[in-house]
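Source file: final.csv. Holds: CSV, C-alpha atoms.
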chain,number,residue,atom,x,y,z
A,1,MET,CA,-19.0,-23.2,-10.0
A,2,TYR,CA,-20.4,-19.8,-10.6
A,3,GLU,CA,-21.1,-18.2,-13.9
A,4,GLY,CA,-18.0,-16.6,-15.6
A,5,ALA,CA,-17.3,-13.2,-14.0
A,6,VAL,CA,-18.1,-14.2,-10.4
A,7,GLN,CA,-15.9,-17.3,-10.6
A,8,GLU,CA,-13.0,-15.2,-12.1
A,9,LEU,CA,-13.3,-12.8,-9.2
A,10,ILE,CA,-13.2,-15.6,-6.7
A,11,ASP,CA,-10.1,-17.0,-8.4
A,12,GLU,CA,-8.3,-13.7,-8.4
A,13,LEU,CA,-9.2,-13.0,-4.7
A,14,GLY,CA,-8.1,-16.5,-3.8
A,15,ARG,CA,-4.6,-15.6,-5.0
A,16,LEU,CA,-4.2,-12.9,-2.3
A,17,PRO,CA,-2.2,-14.0,0.8
A,18,GLY,CA,-4.3,-15.4,3.6
A,19,VAL,CA,-7.5,-15.6,1.5
A,20,GLY,CA,-8.7,-19.2,1.2
A,21,PRO,CA,-11.5,-20.4,-1.1
A,22,LYS,CA,-14.3,-19.7,1.4
A,23,SER,CA,-13.1,-16.2,2.2
A,24,ALA,CA,-12.6,-15.5,-1.5
A,25,GLN,CA,-16.2,-16.5,-2.1
A,26,ARG,CA,-17.4,-14.4,0.8
A,27,ILE,CA,-15.5,-11.3,-0.3
A,28,ALA,CA,-16.7,-11.8,-3.9
A,29,PHE,CA,-20.3,-11.8,-2.8
A,30,HIS,CA,-19.7,-8.8,-0.7
A,31,ILE,CA,-18.2,-7.0,-3.7
A,32,LEU,CA,-21.2,-8.1,-5.8
A,33,GLU,CA,-23.7,-6.7,-3.3
A,34,ALA,CA,-21.8,-3.7,-2.1
A,35,ASP,CA,-22.5,-0.1,-3.0
A,36,GLY,CA,-20.9,0.8,-6.4
A,37,GLU,CA,-19.2,3.9,-4.8
A,38,ASP,CA,-17.5,1.8,-2.1
A,39,MET,CA,-16.1,-0.6,-4.7
A,40,LYS,CA,-14.9,2.3,-6.9
A,41,ARG,CA,-12.9,3.5,-3.8
A,42,LEU,CA,-11.4,0.1,-3.4
A,43,VAL,CA,-10.4,-0.2,-7.0
A,44,ASN,CA,-9.0,3.3,-7.0
A,45,SER,CA,-6.9,2.7,-4.0
A,46,ILE,CA,-5.4,-0.4,-5.6
A,47,VAL,CA,-4.7,1.5,-8.8
A,48,THR,CA,-3.2,4.5,-6.9
A,49,VAL,CA,-0.9,2.3,-4.8
A,50,LYS,CA,0.4,0.5,-8.0
A,51,GLU,CA,0.9,3.9,-9.7
A,52,ARG,CA,2.1,6.1,-7.0
A,53,VAL,CA,3.8,4.1,-4.3
A,54,LYS,CA,7.5,3.4,-4.8
A,55,PHE,CA,10.3,2.2,-2.5
A,56,CYS,CA,12.7,4.7,-0.9
A,57,THR,CA,16.0,4.9,-2.8
A,58,ILE,CA,17.9,5.2,0.4
A,59,CYS,CA,16.4,2.7,2.8
A,60,GLY,CA,13.9,0.6,0.7
A,61,ASN,CA,10.9,1.5,2.8
A,62,VAL,CA,7.6,2.3,1.0
A,63,ALA,CA,7.5,5.9,-0.1
A,64,GLU,CA,5.4,8.2,-2.3
A,65,GLN,CA,8.5,10.3,-3.2
A,66,GLU,CA,12.0,9.4,-4.1
A,67,THR,CA,12.8,9.0,-0.4
A,68,CYS,CA,10.5,8.0,2.5
A,69,GLY,CA,9.3,10.2,5.3
A,70,ILE,CA,11.8,8.8,7.8
A,71,CYS,CA,14.8,9.3,5.6
A,72,ARG,CA,13.7,12.9,4.9
A,73,ASP,CA,13.1,13.7,8.5
A,74,PRO,CA,16.0,15.8,9.9
A,75,ARG,CA,15.1,15.0,13.5
A,76,ARG,CA,15.9,11.3,13.1
A,77,ASP,CA,19.3,10.2,14.4
A,78,PRO,CA,21.5,9.4,11.4
A,79,THR,CA,24.1,7.5,13.5
A,80,ALA,CA,21.9,4.4,14.1
A,81,ILE,CA,20.4,2.2,11.4
A,82,CYS,CA,17.8,-0.5,12.3
A,83,VAL,CA,17.9,-3.3,9.7
A,84,VAL,CA,14.5,-5.0,9.1
A,85,GLU,CA,13.1,-7.5,6.6
A,86,GLU,CA,10.0,-5.6,5.4
A,87,SER,CA,8.3,-2.2,5.5
A,88,LYS,CA,5.7,-3.7,7.9
A,89,ASP,CA,8.5,-4.2,10.4
A,90,VAL,CA,9.4,-0.5,10.2
A,91,ILE,CA,5.8,0.3,11.3
A,92,ALA,CA,6.1,-2.3,14.1
A,93,VAL,CA,9.3,-0.7,15.4
A,94,GLU,CA,7.9,2.8,15.0
A,95,ARG,CA,4.9,1.9,17.2
A,96,THR,CA,7.2,1.1,20.1
A,97,ARG,CA,8.5,4.7,20.1
A,98,SER,CA,11.8,3.4,21.4
A,99,PHE,CA,13.9,4.1,18.3
A,100,ARG,CA,14.7,7.5,16.8
A,101,GLY,CA,17.3,6.5,14.2
A,102,LYS,CA,16.9,5.5,10.6
A,103,TYR,CA,16.0,2.2,8.9
A,104,HIS,CA,17.1,-0.2,6.2
A,105,VAL,CA,14.6,-2.5,4.7
A,106,LEU,CA,16.3,-5.7,3.2
A,107,GLY,CA,13.2,-6.8,1.3
A,108,GLY,CA,13.1,-10.3,2.8
A,109,SER,CA,15.5,-12.7,4.5
A,110,ILE,CA,18.0,-15.3,3.3
A,111,ASN,CA,16.0,-18.4,2.4
A,112,PRO,CA,18.0,-20.9,0.2
A,113,ILE,CA,14.9,-23.1,-0.3
A,114,ALA,CA,13.0,-20.2,-1.9
A,115,GLY,CA,16.2,-19.2,-3.8
A,116,ILE,CA,16.8,-16.0,-1.9
A,117,GLY,CA,20.4,-15.4,-1.1
A,118,PRO,CA,22.2,-12.3,0.1
A,119,ASP,CA,22.4,-10.9,-3.5
A,120,GLN,CA,18.6,-10.8,-3.7
A,121,LEU,CA,18.4,-8.5,-0.5
A,122,ARG,CA,19.3,-4.9,-0.3
A,123,ILE,CA,22.6,-5.6,1.4
A,124,ARG,CA,24.8,-3.7,-1.1
A,125,GLU,CA,22.7,-0.6,-0.5
A,126,LEU,CA,23.2,-1.0,3.3
A,127,LEU,CA,27.0,-1.2,2.8
A,128,SER,CA,27.0,2.0,0.7
A,129,ARG,CA,25.2,3.8,3.5
A,130,LEU,CA,28.1,3.0,5.8
A,131,SER,CA,30.9,4.5,3.6
A,132,ASP,CA,30.8,8.0,5.1
A,133,ASP,CA,31.5,7.0,8.8
A,134,GLU,CA,28.4,8.8,10.1
A,135,VAL,CA,26.7,5.5,11.2
A,136,GLN,CA,27.9,4.2,14.5
A,137,GLU,CA,25.4,1.4,15.3
A,138,ILE,CA,23.6,-1.2,13.2
A,139,ILE,CA,20.7,-2.8,15.1
A,140,ILE,CA,19.7,-6.0,13.4
A,141,ALA,CA,15.9,-6.5,13.8
A,142,THR,CA,15.2,-9.4,11.4
A,143,ASP,CA,12.5,-11.9,12.4
A,144,PRO,CA,13.4,-14.3,15.3
A,145,ASN,CA,12.9,-17.3,13.0
A,146,LEU,CA,15.2,-19.6,11.0
A,147,GLU,CA,15.5,-17.3,7.9
A,148,GLY,CA,15.7,-14.1,10.1
A,149,GLU,CA,18.5,-15.7,12.2
A,150,ALA,CA,20.4,-16.8,9.2
A,151,THR,CA,20.2,-13.3,7.7
A,152,ALA,CA,21.3,-11.8,11.1
A,153,THR,CA,24.3,-14.1,11.3
A,154,TYR,CA,25.3,-13.2,7.7
A,155,LEU,CA,25.1,-9.5,8.4
A,156,VAL,CA,27.0,-9.8,11.7
A,157,ARG,CA,29.8,-11.6,10.0
A,158,MET,CA,30.0,-9.1,7.2
A,159,LEU,CA,29.7,-6.0,9.3
A,160,LYS,CA,32.4,-7.2,11.7
A,161,THR,CA,35.0,-6.8,9.0
A,162,ILE,CA,34.0,-3.1,8.7
A,163,GLY,CA,34.4,-2.6,12.5
A,164,ILE,CA,31.0,-1.1,13.2
A,165,LYS,CA,29.0,-1.7,16.4
A,166,VAL,CA,26.3,-4.3,15.6
A,167,THR,CA,23.5,-5.2,18.0
A,168,ARG,CA,20.6,-7.6,17.8
A,169,LEU,CA,17.2,-7.3,19.4
A,170,ALA,CA,16.8,-9.3,22.6
A,171,SER,CA,15.0,-12.6,22.5
A,172,GLY,CA,13.0,-13.7,25.6
A,173,LEU,CA,9.6,-14.1,27.1
A,174,PRO,CA,6.9,-11.9,25.5
A,175,VAL,CA,5.5,-9.4,28.0
A,176,GLY,CA,2.1,-10.5,29.2
A,177,GLY,CA,2.7,-14.1,28.3
A,178,ASP,CA,2.7,-17.1,30.5
A,179,LEU,CA,6.0,-18.8,31.3
A,180,GLU,CA,4.5,-22.3,31.1
A,181,TYR,CA,3.3,-21.6,27.5
A,182,ALA,CA,6.7,-20.4,26.3
A,183,ASP,CA,8.4,-22.8,23.9
A,184,GLU,CA,11.7,-24.1,25.1
A,185,ILE,CA,13.9,-22.1,22.6
A,186,THR,CA,12.3,-18.8,23.7
A,187,LEU,CA,12.7,-19.8,27.4
A,188,GLY,CA,16.3,-20.9,26.8
A,189,ARG,CA,17.0,-17.5,25.2
A,190,ALA,CA,15.4,-15.8,28.1
A,191,PHE,CA,17.8,-17.6,30.4
A,192,GLU,CA,20.8,-16.7,28.3
A,193,GLY,CA,19.8,-13.1,28.2
A,194,ARG,CA,18.9,-12.8,31.9
A,195,ARG,CA,19.9,-9.5,33.6
A,196,THR,CA,21.0,-8.6,37.1
A,197,VAL,CA,18.2,-6.6,38.7
A,198,SER,CA,19.6,-6.0,42.2
B,199,MET,CA,0.7,4.7,10.1
B,200,TYR,CA,1.9,4.4,6.5
B,201,GLU,CA,2.2,7.2,4.0
B,202,GLY,CA,-1.1,8.2,2.4
B,203,ALA,CA,-1.9,5.8,-0.4
B,204,VAL,CA,-0.8,2.6,1.4
B,205,GLN,CA,-2.8,3.4,4.5
B,206,GLU,CA,-5.9,4.2,2.3
B,207,LEU,CA,-5.6,0.8,0.6
B,208,ILE,CA,-5.2,-0.9,4.0
B,209,ASP,CA,-8.4,0.9,5.2
B,210,GLU,CA,-10.4,-0.1,2.1
B,211,LEU,CA,-9.3,-3.7,2.4
B,212,GLY,CA,-10.1,-3.8,6.1
B,213,ARG,CA,-13.8,-3.1,5.2
B,214,LEU,CA,-14.1,-6.4,3.3
B,215,PRO,CA,-15.7,-9.2,5.3
B,216,GLY,CA,-13.3,-11.4,7.3
B,217,VAL,CA,-10.3,-9.2,6.6
B,218,GLY,CA,-8.9,-7.9,9.9
B,219,PRO,CA,-6.2,-5.1,10.2
B,220,LYS,CA,-3.3,-7.6,10.0
B,221,SER,CA,-4.6,-9.3,6.9
B,222,ALA,CA,-5.5,-6.0,5.3
B,223,GLN,CA,-1.8,-4.9,5.8
B,224,ARG,CA,-0.5,-8.2,4.5
B,225,ILE,CA,-2.8,-8.0,1.4
B,226,ALA,CA,-1.8,-4.3,0.8
B,227,PHE,CA,1.9,-5.2,0.8
B,228,HIS,CA,1.2,-8.1,-1.5
B,229,ILE,CA,-0.6,-5.7,-3.9
B,230,LEU,CA,2.3,-3.2,-3.6
B,231,GLU,CA,4.9,-5.8,-4.5
B,232,ALA,CA,2.9,-7.9,-6.9
B,233,ASP,CA,3.3,-7.9,-10.7
B,234,GLY,CA,1.4,-5.1,-12.3
B,235,GLU,CA,-0.4,-7.4,-14.7
B,236,ASP,CA,-1.7,-9.6,-11.9
B,237,MET,CA,-3.1,-6.5,-10.1
B,238,LYS,CA,-4.7,-5.3,-13.4
B,239,ARG,CA,-6.5,-8.7,-13.6
B,240,LEU,CA,-7.8,-8.3,-10.0
B,241,VAL,CA,-9.0,-4.8,-10.6
B,242,ASN,CA,-10.6,-5.8,-13.9
B,243,SER,CA,-12.5,-8.7,-12.3
B,244,ILE,CA,-13.9,-6.4,-9.6
B,245,VAL,CA,-15.0,-3.9,-12.3
B,246,THR,CA,-16.5,-6.6,-14.5
B,247,VAL,CA,-18.4,-8.2,-11.7
B,248,LYS,CA,-19.9,-4.8,-10.7
B,249,GLU,CA,-20.8,-4.0,-14.3
B,250,ARG,CA,-21.9,-7.3,-15.7
B,251,VAL,CA,-23.3,-9.5,-12.9
B,252,LYS,CA,-26.9,-9.0,-12.0
B,253,PHE,CA,-29.5,-11.1,-10.2
B,254,CYS,CA,-31.8,-13.5,-12.0
B,255,THR,CA,-35.3,-11.9,-12.4
B,256,ILE,CA,-36.9,-15.2,-11.7
B,257,CYS,CA,-35.0,-16.8,-8.8
B,258,GLY,CA,-32.7,-14.0,-7.5
B,259,ASN,CA,-29.5,-16.1,-8.0
B,260,VAL,CA,-26.5,-14.3,-9.5
B,261,ALA,CA,-26.7,-14.2,-13.3
B,262,GLU,CA,-24.9,-12.6,-16.2
B,263,GLN,CA,-28.1,-12.4,-18.2
B,264,GLU,CA,-31.7,-11.5,-17.3
B,265,THR,CA,-32.1,-15.0,-15.9
B,266,CYS,CA,-29.6,-17.4,-14.4
B,267,GLY,CA,-28.2,-20.6,-15.9
B,268,ILE,CA,-30.4,-22.9,-13.8
B,269,CYS,CA,-33.7,-21.1,-14.5
B,270,ARG,CA,-32.9,-21.2,-18.3
B,271,ASP,CA,-31.9,-24.9,-18.1
B,272,PRO,CA,-34.9,-27.0,-19.6
B,273,ARG,CA,-33.5,-30.2,-18.0
B,274,ARG,CA,-34.2,-28.8,-14.5
B,275,ASP,CA,-37.4,-30.1,-12.8
B,276,PRO,CA,-39.8,-27.1,-12.7
B,277,THR,CA,-42.1,-28.8,-10.1
B,278,ALA,CA,-39.7,-28.4,-7.2
B,279,ILE,CA,-38.3,-25.2,-5.8
B,280,CYS,CA,-35.5,-25.2,-3.2
B,281,VAL,CA,-35.7,-21.9,-1.2
B,282,VAL,CA,-32.3,-20.7,0.1
B,283,GLU,CA,-31.0,-17.5,1.7
B,284,GLU,CA,-28.1,-16.6,-0.6
B,285,SER,CA,-26.6,-17.5,-3.9
B,286,LYS,CA,-23.7,-19.2,-2.1
B,287,ASP,CA,-26.3,-21.7,-0.8
B,288,VAL,CA,-27.3,-22.6,-4.4
B,289,ILE,CA,-23.7,-23.6,-5.0
B,290,ALA,CA,-23.6,-25.6,-1.8
B,291,VAL,CA,-26.8,-27.5,-2.8
B,292,GLU,CA,-25.6,-28.0,-6.4
B,293,ARG,CA,-22.4,-29.6,-5.1
B,294,THR,CA,-24.4,-32.4,-3.4
B,295,ARG,CA,-25.9,-33.4,-6.9
B,296,SER,CA,-29.0,-34.5,-5.0
B,297,PHE,CA,-31.4,-31.9,-6.3
B,298,ARG,CA,-32.5,-31.4,-9.9
B,299,GLY,CA,-35.2,-28.8,-9.4
B,300,LYS,CA,-35.1,-25.0,-9.4
B,301,TYR,CA,-34.1,-22.5,-6.7
B,302,HIS,CA,-35.4,-19.4,-5.1
B,303,VAL,CA,-32.9,-17.1,-3.4
B,304,LEU,CA,-34.5,-15.0,-0.6
B,305,GLY,CA,-31.6,-12.6,-0.3
B,306,GLY,CA,-31.2,-13.1,3.5
B,307,SER,CA,-33.2,-14.3,6.4
B,308,ILE,CA,-35.7,-12.7,8.8
B,309,ASN,CA,-33.6,-10.8,11.4
B,310,PRO,CA,-35.6,-8.2,13.4
B,311,ILE,CA,-32.5,-6.9,15.2
B,312,ALA,CA,-30.9,-6.0,11.8
B,313,GLY,CA,-34.3,-4.6,10.6
B,314,ILE,CA,-34.9,-7.4,8.1
B,315,GLY,CA,-38.5,-8.5,8.0
B,316,PRO,CA,-40.3,-10.6,5.4
B,317,ASP,CA,-40.8,-7.6,3.2
B,318,GLN,CA,-37.1,-7.2,2.7
B,319,LEU,CA,-36.8,-10.7,1.3
B,320,ARG,CA,-37.9,-12.0,-2.1
B,321,ILE,CA,-41.0,-13.7,-0.7
B,322,ARG,CA,-43.5,-11.9,-3.0
B,323,GLU,CA,-41.5,-13.1,-6.0
B,324,LEU,CA,-41.7,-16.7,-4.6
B,325,LEU,CA,-45.5,-16.5,-4.3
B,326,SER,CA,-45.8,-15.2,-7.9
B,327,ARG,CA,-43.9,-18.3,-9.0
B,328,LEU,CA,-46.5,-20.6,-7.4
B,329,SER,CA,-49.5,-19.0,-9.2
B,330,ASP,CA,-49.6,-21.4,-12.2
B,331,ASP,CA,-49.9,-24.6,-10.2
B,332,GLU,CA,-46.7,-26.1,-11.9
B,333,VAL,CA,-44.8,-26.2,-8.6
B,334,GLN,CA,-45.6,-29.2,-6.4
B,335,GLU,CA,-43.0,-29.0,-3.7
B,336,ILE,CA,-41.2,-26.3,-1.9
B,337,ILE,CA,-38.0,-27.4,-0.1
B,338,ILE,CA,-37.0,-24.9,2.6
B,339,ALA,CA,-33.2,-24.9,2.9
B,340,THR,CA,-32.6,-21.8,5.0
B,341,ASP,CA,-29.6,-21.9,7.4
B,342,PRO,CA,-30.1,-24.1,10.6
B,343,ASN,CA,-29.6,-21.0,12.9
B,344,LEU,CA,-32.0,-18.7,14.7
B,345,GLU,CA,-32.7,-16.4,11.7
B,346,GLY,CA,-32.9,-19.3,9.3
B,347,GLU,CA,-35.4,-21.2,11.5
B,348,ALA,CA,-37.5,-18.0,11.9
B,349,THR,CA,-37.6,-17.6,8.2
B,350,ALA,CA,-38.5,-21.3,7.7
B,351,THR,CA,-41.4,-21.0,10.2
B,352,TYR,CA,-42.7,-17.9,8.5
B,353,LEU,CA,-42.6,-19.5,5.1
B,354,VAL,CA,-44.2,-22.8,6.3
B,355,ARG,CA,-47.1,-20.9,7.9
B,356,MET,CA,-47.6,-18.8,4.7
B,357,LEU,CA,-47.3,-21.7,2.2
B,358,LYS,CA,-49.7,-23.8,4.3
B,359,THR,CA,-52.6,-21.5,3.3
B,360,ILE,CA,-51.8,-22.2,-0.4
B,361,GLY,CA,-52.0,-25.9,0.2
B,362,ILE,CA,-48.6,-26.8,-1.4
B,363,LYS,CA,-46.3,-29.5,-0.1
B,364,VAL,CA,-43.5,-27.9,2.0
B,365,THR,CA,-40.5,-29.8,3.2
B,366,ARG,CA,-37.5,-28.8,5.3
B,367,LEU,CA,-33.9,-30.1,5.2
B,368,ALA,CA,-33.2,-32.7,7.9
B,369,SER,CA,-31.3,-31.6,11.0
B,370,GLY,CA,-29.0,-34.1,12.6
B,371,LEU,CA,-25.4,-35.2,13.2
B,372,PRO,CA,-23.0,-34.0,10.5
B,373,VAL,CA,-21.5,-37.0,8.6
B,374,GLY,CA,-17.9,-37.7,9.7
B,375,GLY,CA,-18.5,-35.9,13.0
B,376,ASP,CA,-18.1,-37.2,16.5
B,377,LEU,CA,-21.2,-37.8,18.6
B,378,GLU,CA,-19.5,-36.6,21.7
B,379,TYR,CA,-18.7,-33.2,20.1
B,380,ALA,CA,-22.2,-32.6,18.8
B,381,ASP,CA,-24.0,-29.7,20.6
B,382,GLU,CA,-27.1,-30.7,22.5
B,383,ILE,CA,-29.6,-29.1,20.1
B,384,THR,CA,-28.1,-30.9,17.1
B,385,LEU,CA,-28.1,-34.2,19.0
B,386,GLY,CA,-31.7,-33.6,20.1
B,387,ARG,CA,-32.7,-33.0,16.5
B,388,ALA,CA,-30.9,-36.2,15.5
B,389,PHE,CA,-33.0,-38.1,18.0
B,390,GLU,CA,-36.3,-36.5,16.9
B,391,GLY,CA,-35.5,-37.3,13.3
B,392,ARG,CA,-34.3,-40.8,13.9
B,393,ARG,CA,-35.3,-43.3,11.2
B,394,THR,CA,-36.1,-47.1,11.3
B,395,VAL,CA,-33.3,-48.9,9.6
B,396,SER,CA,-34.4,-52.6,10.0

Structure translated into structure tokens:
Amino acid sequence: MYEGAVQELIDELGRLPGVGPKSAQRIAFHILEADGEDMKRLVNSIVTVKERVKFCTICGNVAEQETCGICRDPRRDPTAICVVEESKDVIAVERTRSFRGKYHVLGGSINPIAGIGPDQLRIRELLSRLSDDEVQEIIIATDPNLEGEATATYLVRMLKTIGIKVTRLASGLPVGGDLEYADEITLGRAFEGRRTVS
Amino acid sequence: MYEGAVQELIDELGRLPGVGPKSAQRIAFHILEADGEDMKRLVNSIVTVKERVKFCTICGNVAEQETCGICRDPRRDPTAICVVEESKDVIAVERTRSFRGKYHVLGGSINPIAGIGPDQLRIRELLSRLSDDEVQEIIIATDPNLEGEATATYLVRMLKTIGIKVTRLASGLPVGGDLEYADEITLGRAFEGRRTVS
């Protein structure tokens, strides 16, 4: 055990996601030995984020104003909404440059074990965005895991009653991957989703 | 790219040791979504460490006073000094409970490529601790890597001229490890250091 303040810092750092006891210790000593100005910048950026950053009142994405940059952008296609779990997923989709519509961030996925049901997600907010008939397609881009699939199934069932076109991202082999290393579920999905090429 | 403040936080977090771009993003979103009080505690512990924690004027270990807890402790044997590279190494040795002497933290190891020579380490401070003839043994516990070995060799050569007993931690097979997975240098050292058991 270290003397008071150092151990407290190690404990606080160890609560961050993906930071184990060894990394926490390493980061704490880095902070201890680092230039004071660098650490002021780190502290300021934490404080600024907590004070300034909010969530977009329309789509739930991170935003520094009432609404996020994408919701405010008039060049984005308002007829398509891509539904994702988290803000990080918005960035992932944006990087592909293959979608020019808008987003809806659910804030997680259905996970009964963690006590997260549909009511804890921003599903009501999604429905209210569909009331003016402008939206023509909902693209469900939840994670391809158990919780993501459960959330997708729930959304598909609910949106079907409204009569809106709902699509889901394709599952299949990752580009650049090796077929022999693909797990059987992914490979099975790749077969199901096979396309005629000639 | 995220909007201003979030991206700035990701950048700052990415400068911490062992935090890659993905972890930085994950930690940033954790901070964004976390309870305000939890984040206040994190920020306070960083600020406290920077303000309060210093290095012991005797041994160079982290300390909240002029000297560290070990140097102040009258029950520690003042005749033996264990020389380590970093404060973290003090903790590692303390955990073994096999050493009851004092420490000397060099603040790194000799690394010509990084521009760290003997003058950048706390070697002069070590020598001044040997002037009153109280110390009878110096145990060199630098890391068993290239830089640590170079530092140990340098210290051994220097301390020999003073005529003090100098020892070095044993190299050999890690306990609980598999002989077949040991690298050849470690296995070679284990042979060199073999002991008569019957």

task = Kindly provide, as a ChimeraX atom specification, the residues of chain A having any atom no farther than 9 Å from an atom of chain B, counting all atoms listed in the file.
result = /A:1-6,8-10,12-13,16-19,23,25-34,36,38-50,52-54,62-64,68-69,87-88,91,94-95

Residues just named, written with C-alpha atoms as a compact mmCIF listing (two decimals), keeping the file's coordinate frame:
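File part-v8.txt, as written:
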# COMPACT_ATOMS: atom_id res chain seq x y z
CA MET A 1 -19.00 -23.20 -10.00
CA TYR A 2 -20.40 -19.80 -10.60
CA GLU A 3 -21.10 -18.20 -13.90
CA GLY A 4 -18.00 -16.60 -15.60
CA ALA A 5 -17.30 -13.20 -14.00
CA VAL A 6 -18.10 -14.20 -10.40
CA GLU A 8 -13.00 -15.20 -12.10
CA LEU A 9 -13.30 -12.80 -9.20
CA ILE A 10 -13.20 -15.60 -6.70
CA GLU A 12 -8.30 -13.70 -8.40
CA LEU A 13 -9.20 -13.00 -4.70
CA LEU A 16 -4.20 -12.90 -2.30
CA PRO A 17 -2.20 -14.00 0.80
CA GLY A 18 -4.30 -15.40 3.60
CA VAL A 19 -7.50 -15.60 1.50
CA SER A 23 -13.10 -16.20 2.20
CA GLN A 25 -16.20 -16.50 -2.10
CA ARG A 26 -17.40 -14.40 0.80
CA ILE A 27 -15.50 -11.30 -0.30
CA ALA A 28 -16.70 -11.80 -3.90
CA PHE A 29 -20.30 -11.80 -2.80
CA HIS A 30 -19.70 -8.80 -0.70
CA ILE A 31 -18.20 -7.00 -3.70
CA LEU A 32 -21.20 -8.10 -5.80
CA GLU A 33 -23.70 -6.70 -3.30
CA ALA A 34 -21.80 -3.70 -2.10
CA GLY A 36 -20.90 0.80 -6.40
CA ASP A 38 -17.50 1.80 -2.10
CA MET A 39 -16.10 -0.60 -4.70
CA LYS A 40 -14.90 2.30 -6.90
CA ARG A 41 -12.90 3.50 -3.80
CA LEU A 42 -11.40 0.10 -3.40
CA VAL A 43 -10.40 -0.20 -7.00
CA ASN A 44 -9.00 3.30 -7.00
CA SER A 45 -6.90 2.70 -4.00
CA ILE A 46 -5.40 -0.40 -5.60
CA VAL A 47 -4.70 1.50 -8.80
CA THR A 48 -3.20 4.50 -6.90
CA VAL A 49 -0.90 2.30 -4.80
CA LYS A 50 0.40 0.50 -8.00
CA ARG A 52 2.10 6.10 -7.00
CA VAL A 53 3.80 4.10 -4.30
CA LYS A 54 7.50 3.40 -4.80
CA VAL A 62 7.60 2.30 1.00
CA ALA A 63 7.50 5.90 -0.10
CA GLU A 64 5.40 8.20 -2.30
CA CYS A 68 10.50 8.00 2.50
CA GLY A 69 9.30 10.20 5.30
CA SER A 87 8.30 -2.20 5.50
CA LYS A 88 5.70 -3.70 7.90
CA ILE A 91 5.80 0.30 11.30
CA GLU A 94 7.90 2.80 15.00
CA ARG A 95 4.90 1.90 17.20

message = Which residues are near segment 297-302 of chain B? Cut-off 9 Å, all atoms listed in the file, ignore same chain within fewer than 6 positions. Put them as an MDAnalysis selection string.
response = chainID B and resid 256:259 268:269 273:283 288 291 320 323:324

key: All residues 12 Å or closer to Asp119 of chain A, only C-alpha atoms, same chain fewer than 2 positions away omitted, as number ranges by chain   = A: 106-112, 115-117, 121-125, 151, 154

Can I get the selection written as a short mmCIF file (atom, residue, chain, number, x, y, z; two decimals), keeping the file's coordinate frame, with C-alpha atoms?
data_model
loop_
_atom_site.label_atom_id
_atom_site.label_comp_id
_atom_site.auth_asym_id
_atom_site.auth_seq_id
_atom_site.Cartn_x
_atom_site.Cartn_y
_atom_site.Cartn_z
CA LEU A 106 16.30 -5.70 3.20
CA GLY A 107 13.20 -6.80 1.30
CA GLY A 108 13.10 -10.30 2.80
CA SER A 109 15.50 -12.70 4.50
CA ILE A 110 18.00 -15.30 3.30
CA ASN A 111 16.00 -18.40 2.40
CA PRO A 112 18.00 -20.90 0.20
CA GLY A 115 16.20 -19.20 -3.80
CA ILE A 116 16.80 -16.00 -1.90
CA GLY A 117 20.40 -15.40 -1.10
CA LEU A 121 18.40 -8.50 -0.50
CA ARG A 122 19.30 -4.90 -0.30
CA ILE A 123 22.60 -5.60 1.40
CA ARG A 124 24.80 -3.70 -1.10
CA GLU A 125 22.70 -0.60 -0.50
CA THR A 151 20.20 -13.30 7.70
CA TYR A 154 25.30 -13.20 7.70
#

Selection: 10 Å around Gly391 of chain B, all atoms listed in the file, excl. self and same-chain fewer than 6 positions, as an MDAnalysis selection string = chainID B and resid 368:370 385

Would you output that residue set with C-alpha atoms, as an mmCIF file, in the frame of the given file?
data_model
loop_
_atom_site.group_PDB
_atom_site.id
_atom_site.type_symbol
_atom_site.label_atom_id
_atom_site.label_comp_id
_atom_site.auth_asym_id
_atom_site.auth_seq_id
_atom_site.Cartn_x
_atom_site.Cartn_y
_atom_site.Cartn_z
ATOM 1 C CA ALA B 368 -33.200 -32.700 7.900
ATOM 2 C CA SER B 369 -31.300 -31.600 11.000
ATOM 3 C CA GLY B 370 -29.000 -34.100 12.600
ATOM 4 C CA LEU B 385 -28.100 -34.200 19.000
#

message = As an exercise, work out the distance from atom CA of Ile362 of chain B to atom CA of Gln334 of chain B in Å and give it to one decimal place.
response = 6.3 Å

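Atom CA of Leu344 of chain B is positioned 18.2 Å from atom CA of Pro372 of chain B.
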
request  = Could you pull out every residue with an atom within 8 Å of (-30.9, -29.1, 4.6), file coordinates, counting only C-alpha atoms, and send them as an MDAnalysis selection string?
outcome  = chainID B and resid 338:342 366:369

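Computed from the coordinates, the atom CA of Asp287 of chain B to atom CA of Tyr379 of chain B distance equals 25.0 Å.
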
request  = Might you pull out every residue within 7 Å of Thr265 of chain B, with all atoms listed in the file counted and same-chain residues fewer than 5 positions away left off, and present them as a ChimeraX atom specification?
outcome  = /B:254-256,270

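Distances from A:Glu137, A:Ser98, A:Gly14, A:Glu184 to Lys160 of chain A were compared using only C-alpha atoms, and the smallest one belongs to A:Glu137.
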
Taking only C-alpha atoms, show segment 114-123 of chain A of the given structure as a short mmCIF file (atom, residue, chain, number, x, y, z; two decimals), in the first residue's frame.
data_model
loop_
_atom_site.label_atom_id
_atom_site.label_comp_id
_atom_site.auth_asym_id
_atom_site.auth_seq_id
_atom_site.Cartn_x
_atom_site.Cartn_y
_atom_site.Cartn_z
CA ALA A 114 -28.65 -5.74 -15.62
CA GLY A 115 -32.25 -4.59 -15.13
CA ILE A 116 -32.40 -2.66 -18.41
CA GLY A 117 -35.74 -3.01 -20.14
CA PRO A 118 -37.24 -1.04 -23.05
CA ASP A 119 -38.40 1.68 -20.64
CA GLN A 120 -34.81 2.50 -19.69
CA LEU A 121 -33.91 3.14 -23.35
CA ARG A 122 -34.81 6.17 -25.45
CA ILE A 123 -37.52 4.29 -27.36
#
